[in-house]
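**Q** To be precise about what I am sending: the file is called structure-v1.pdb and holds PDB, C-alpha atoms.
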```pdb
ATOM      1  CA  MET A 318      -6.847  24.335  20.138
ATOM      2  CA  SER A 319      -3.791  24.533  22.380
ATOM      3  CA  ALA A 320      -0.235  23.595  21.482
ATOM      4  CA  ASN A 321      -0.485  20.640  23.871
ATOM      5  CA  THR A 322      -3.629  19.375  22.129
ATOM      6  CA  ILE A 323      -2.011  19.760  18.712
ATOM      7  CA  ASN A 324       1.118  17.905  19.881
ATOM      8  CA  ALA A 325      -0.954  15.139  21.476
ATOM      9  CA  SER A 326      -2.968  14.719  18.256
ATOM     10  CA  ARG A 327       0.175  14.667  16.108
ATOM     11  CA  ILE A 328       1.819  12.081  18.380
ATOM     12  CA  ALA A 329      -1.333   9.940  18.450
ATOM     13  CA  GLY A 330      -1.467  10.064  14.657
ATOM     14  CA  ALA A 331       2.200   9.093  14.359
ATOM     15  CA  LEU A 332       1.705   6.148  16.709
ATOM     16  CA  LYS A 333      -1.396   5.021  14.809
ATOM     17  CA  CYS A 334       0.573   5.185  11.567
ATOM     18  CA  MET A 335       3.433   3.167  13.086
ATOM     19  CA  GLY A 336       0.978   0.439  14.071
ATOM     20  CA  ALA A 337      -0.453   0.380  10.562
ATOM     21  CA  LEU A 338       3.057   0.272   9.063
ATOM     22  CA  ARG A 339       3.974  -2.689  11.273
ATOM     23  CA  LYS A 340       0.933  -4.561   9.976
ATOM     24  CA  LEU A 341       1.841  -3.656   6.388
ATOM     25  CA  GLU A 342       5.409  -4.861   6.864
ATOM     26  CA  GLN A 343       4.266  -8.130   8.456
ATOM     27  CA  SER A 344       1.830  -8.738   5.625
ATOM     28  CA  ALA A 345       4.467  -8.006   2.992
ATOM     29  CA  GLU A 346       6.800 -10.633   4.431
ATOM     30  CA  HIS A 347       6.566 -13.889   2.545
ATOM     31  CA  GLY A 348       4.564 -16.560   4.318
ATOM     32  CA  GLU A 349       4.006 -20.214   3.569
ATOM     33  CA  ASP A 350       0.370 -19.587   2.663
ATOM     34  CA  ASP A 351       1.140 -16.788   0.192
ATOM     35  CA  ASP A 352      -0.126 -17.111  -3.357
ATOM     36  CA  PRO A 353       3.146 -17.352  -5.342
ATOM     37  CA  THR A 354       1.633 -15.925  -8.534
ATOM     38  CA  MET A 355       1.925 -12.315  -9.671
ATOM     39  CA  ALA A 356      -1.848 -12.034  -9.392
ATOM     40  CA  GLY A 357      -1.528 -13.097  -5.744
ATOM     41  CA  TYR A 358       1.296 -10.607  -5.188
ATOM     42  CA  TYR A 359      -0.703  -7.727  -6.650
ATOM     43  CA  GLY A 360      -3.795  -8.750  -4.717
ATOM     44  CA  LYS A 361      -1.846  -8.712  -1.450
ATOM     45  CA  GLN A 362      -0.196  -5.389  -2.315
ATOM     46  CA  LEU A 363      -3.570  -3.807  -3.023
ATOM     47  CA  ALA A 364      -5.076  -5.258   0.167
ATOM     48  CA  ASP A 365      -2.164  -3.888   2.204
ATOM     49  CA  ALA A 366      -2.621  -0.435   0.662
ATOM     50  CA  ARG A 367      -6.348  -0.488   1.415
ATOM     51  CA  ALA A 368      -5.653  -1.581   4.998
ATOM     52  CA  LEU A 369      -3.281   1.342   5.581
ATOM     53  CA  VAL A 370      -5.800   3.794   4.137
ATOM     54  CA  ALA A 371      -8.563   2.355   6.351
ATOM     55  CA  ALA A 372      -6.354   2.447   9.462
ATOM     56  CA  LEU A 373      -5.735   6.161   9.063
ATOM     57  CA  GLY A 374      -9.397   7.117   8.991
ATOM     58  CA  PRO A 375     -11.491   9.372   6.778
ATOM     59  CA  MET A 376      -9.626  11.141   3.983
ATOM     60  CA  THR A 377     -10.385  12.822   0.706
ATOM     61  CA  PRO A 378     -10.024  10.615  -2.387
ATOM     62  CA  GLU A 379      -6.790  12.454  -3.241
ATOM     63  CA  GLN A 380      -5.364  11.761   0.224
ATOM     64  CA  GLU A 381      -6.411   8.111  -0.083
ATOM     65  CA  GLY A 382      -4.480   7.917  -3.365
ATOM     66  CA  ILE A 383      -1.389   9.408  -1.744
ATOM     67  CA  VAL A 384      -1.491   7.042   1.240
ATOM     68  CA  ALA A 385      -2.260   4.000  -0.927
ATOM     69  CA  THR A 386       0.686   4.810  -3.213
ATOM     70  CA  LEU A 387       3.006   5.170  -0.222
ATOM     71  CA  ALA A 388       1.746   1.829   1.111
ATOM     72  CA  GLU A 389       2.382   0.137  -2.240
ATOM     73  CA  TYR A 390       5.843   1.694  -2.373
ATOM     74  CA  ILE A 391       6.635   0.337   1.101
ATOM     75  CA  HIS A 392       5.202  -3.070   0.164
ATOM     76  CA  THR A 393       7.319  -3.181  -2.991
ATOM     77  CA  ILE A 394      10.491  -2.259  -1.094
ATOM     78  CA  ALA A 395       9.769  -4.978   1.474
ATOM     79  CA  THR A 396       9.119  -7.659  -1.123
ATOM     80  CA  THR A 397      11.167  -6.953  -4.246
ATOM     81  CA  GLY A 398      13.341  -3.911  -3.567
ATOM     82  CA  THR A 399      13.128  -0.226  -4.345
ATOM     83  CA  PRO A 400      10.995   0.398  -7.431
ATOM     84  CA  ASN A 401      12.111   2.636 -10.269
ATOM     85  CA  ILE A 402       9.910   5.717  -9.855
ATOM     86  CA  ASP A 403      11.303   7.496 -12.912
ATOM     87  CA  PRO A 404       8.779   8.227 -15.682
ATOM     88  CA  GLY A 405       7.991   4.960 -17.448
ATOM     89  CA  GLY A 406       9.048   2.903 -14.417
ATOM     90  CA  TRP A 407       6.986   1.457 -11.581
ATOM     91  CA  LEU A 408       3.276   2.236 -11.682
ATOM     92  CA  PRO A 409       1.295   1.693  -8.465
ATOM     93  CA  LEU A 410      -2.050  -0.057  -8.595
ATOM     94  CA  SER A 411      -3.540   2.934  -6.783
ATOM     95  CA  SER A 412      -2.878   5.046  -9.891
ATOM     96  CA  MET A 413      -4.962   2.727 -12.071
ATOM     97  CA  THR A 414      -8.668   2.296 -12.612
ATOM     98  CA  ASN A 415     -10.254  -0.980 -11.503
ATOM     99  CA  GLU A 416     -10.382  -2.072 -15.140
ATOM    100  CA  GLU A 417      -6.666  -1.334 -15.654
ATOM    101  CA  ARG A 418      -5.822  -3.318 -12.517
ATOM    102  CA  LEU A 419      -7.810  -6.309 -13.745
ATOM    103  CA  VAL A 420      -6.047  -6.229 -17.113
ATOM    104  CA  LEU A 421      -2.645  -6.127 -15.385
ATOM    105  CA  ILE A 422      -3.502  -8.917 -12.964
ATOM    106  CA  ASP A 423      -5.042 -11.045 -15.745
ATOM    107  CA  ARG A 424      -1.938 -10.532 -17.897
ATOM    108  CA  PHE A 425       0.290 -11.854 -15.129
ATOM    109  CA  ALA A 426      -2.135 -14.666 -14.292
ATOM    110  CA  VAL A 427      -1.682 -16.005 -17.813
ATOM    111  CA  GLN A 428       2.139 -15.886 -17.480
ATOM    112  CA  ASP A 429       2.311 -17.562 -14.031
TER     113      ASP A 429
END
```
Represent the supplied structure as structure tokens.
**A**
Amino acid sequence: MSANTINASRIAGALKCMGALRKLEQSAEHGEDDDPTMAGYYGKQLADARALVAALGPMTPEQEGIVATLAEYIHTIATTGTPNIDPGGWLPLSSMTNEERLVLIDRFAVQD
């Protein structure tokens, strides 16, 4: 693989990521049809993370977790501000099992 091919691939990947980030940012903006509940917020955040992972193509499960966490971090910054990433602070949905996510979403659904 030549240096030109490597550069072209890197640039193409960066541009693809920028497109996916634009979509994530647009989705994170509050719209009139948004579900105002915490369950709706978490559902949208998770959907945005999954969309970014899908846009970037095949990855290992570990890479998917990394990208999904970054997407959730970006979503959180765009919607509520910078999360506290210190131990015991913000916990991304991507770091939870499906069962843990459901418990969290159900807990907030009861409070909404």
**Q** Sorted by chain and rising residue number, list the residues of segment 323-362 of chain A at most 8 Å from segment 384-404 of chain A (counting all atoms listed in the file), each with its closest atom pair and distance in Å to one decimal, as JSON lines.
**A**
```
{"residue": "A:Leu341", "atom": "CA", "partner": "A:His392", "partner_atom": "CA", "distance": 7.1}
{"residue": "A:Glu342", "atom": "CA", "partner": "A:Ala395", "partner_atom": "CA", "distance": 6.9}
{"residue": "A:Ala345", "atom": "CA", "partner": "A:His392", "partner_atom": "CA", "distance": 5.7}
{"residue": "A:Glu346", "atom": "CA", "partner": "A:Thr396", "partner_atom": "CA", "distance": 6.7}
{"residue": "A:His347", "atom": "CA", "partner": "A:Thr396", "partner_atom": "CA", "distance": 7.7}
{"residue": "A:Gln362", "atom": "CA", "partner": "A:Glu389", "partner_atom": "CA", "distance": 6.1}
```
**Q** Any chance you can output those residues with C-alpha atoms as a compact mmCIF listing (two decimals), in the coordinates of the input?
**A**
```txt
# COMPACT_ATOMS: atom_id res chain seq x y z
CA LEU A 341 1.84 -3.66 6.39
CA GLU A 342 5.41 -4.86 6.86
CA ALA A 345 4.47 -8.01 2.99
CA GLU A 346 6.80 -10.63 4.43
CA HIS A 347 6.57 -13.89 2.54
CA GLN A 362 -0.20 -5.39 -2.32
```
**Q** Edge lengths and centre, in Å to one decimal, as AutoDock Vina command-line options: that's what I need for the box along x, y and z that holds all listed atoms of segment 351-355 of chain A plus 5 Å on each side.
**A**
```
--center_x 1.5 --center_y -14.8 --center_z -4.7 --size_x 13.3 --size_y 15.0 --size_z 19.9
```
**Q** What are the closest atom pairs, with distances in Å to one decimal, for each residue of segment 356-375 of chain A lying within 8 Å of segment 332-340 of chain A, using all atoms listed in the file, rows by chain and rising residue number, as CSV?
**A**
```
residue,atom,partner,partner_atom,distance
A:Ala368,CA,A:Ala337,CA,7.9
A:Leu369,CA,A:Ala337,CA,5.8
A:Ala372,CA,A:Ala337,CA,6.3
A:Leu373,CA,A:Cys334,CA,6.9
```
**Q** Could you work out how far atom CA of Val420 of chain A lies from atom CA of Thr354 of chain A, giving the answer in Å with one decimal?
**A**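 Pair atom CA of Thr354 of chain A / atom CA of Val420 of chain A returns 15.1 Å.
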**Q** To one decimal place, how far is atom CA of Leu410 of chain A from atom CA of Ile422 of chain A in Å?
**A** 10.0 Å
**Q** Here is a test: counting only C-alpha atoms, which residue of A:Thr377, A:Gln343, A:Asn324, A:Thr414 is nearest to Lys361 of chain A?
**A** A:Gln343
**Q** Show me, as JSON, numbers by chain, the residues that have an atom within 9 Å of Ala356 of chain A when counting all atoms listed in the file, minus same-chain residues fewer than 4 positions from it.
**A** {"A": [352, 360, 361, 421, 422, 423, 424, 425, 426, 429]}
**Q** Quick check, in Å to one decimal: how far apart do atom CA of Ala331 of chain A and atom CA of Ala371 of chain A lie?
**A**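 That distance, rounded to one decimal, is 15.0 Å.
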**Q** In terms of the shortest atom-to-atom distance over only C-alpha atoms, which of A:Ala329, A:Met355, A:Leu363, A:Ala320 is closest to Met413 of chain A?
**A**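 Looking only at the distances to Met413 of chain A, the closest residue turns out to be A:Leu363.
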**Q** Could you tell me which of A:Asp351, A:Tyr359, A:Leu419, A:Ser412 comes closest to Glu381 of chain A if we count all atoms listed in the file?
**A** A:Ser412
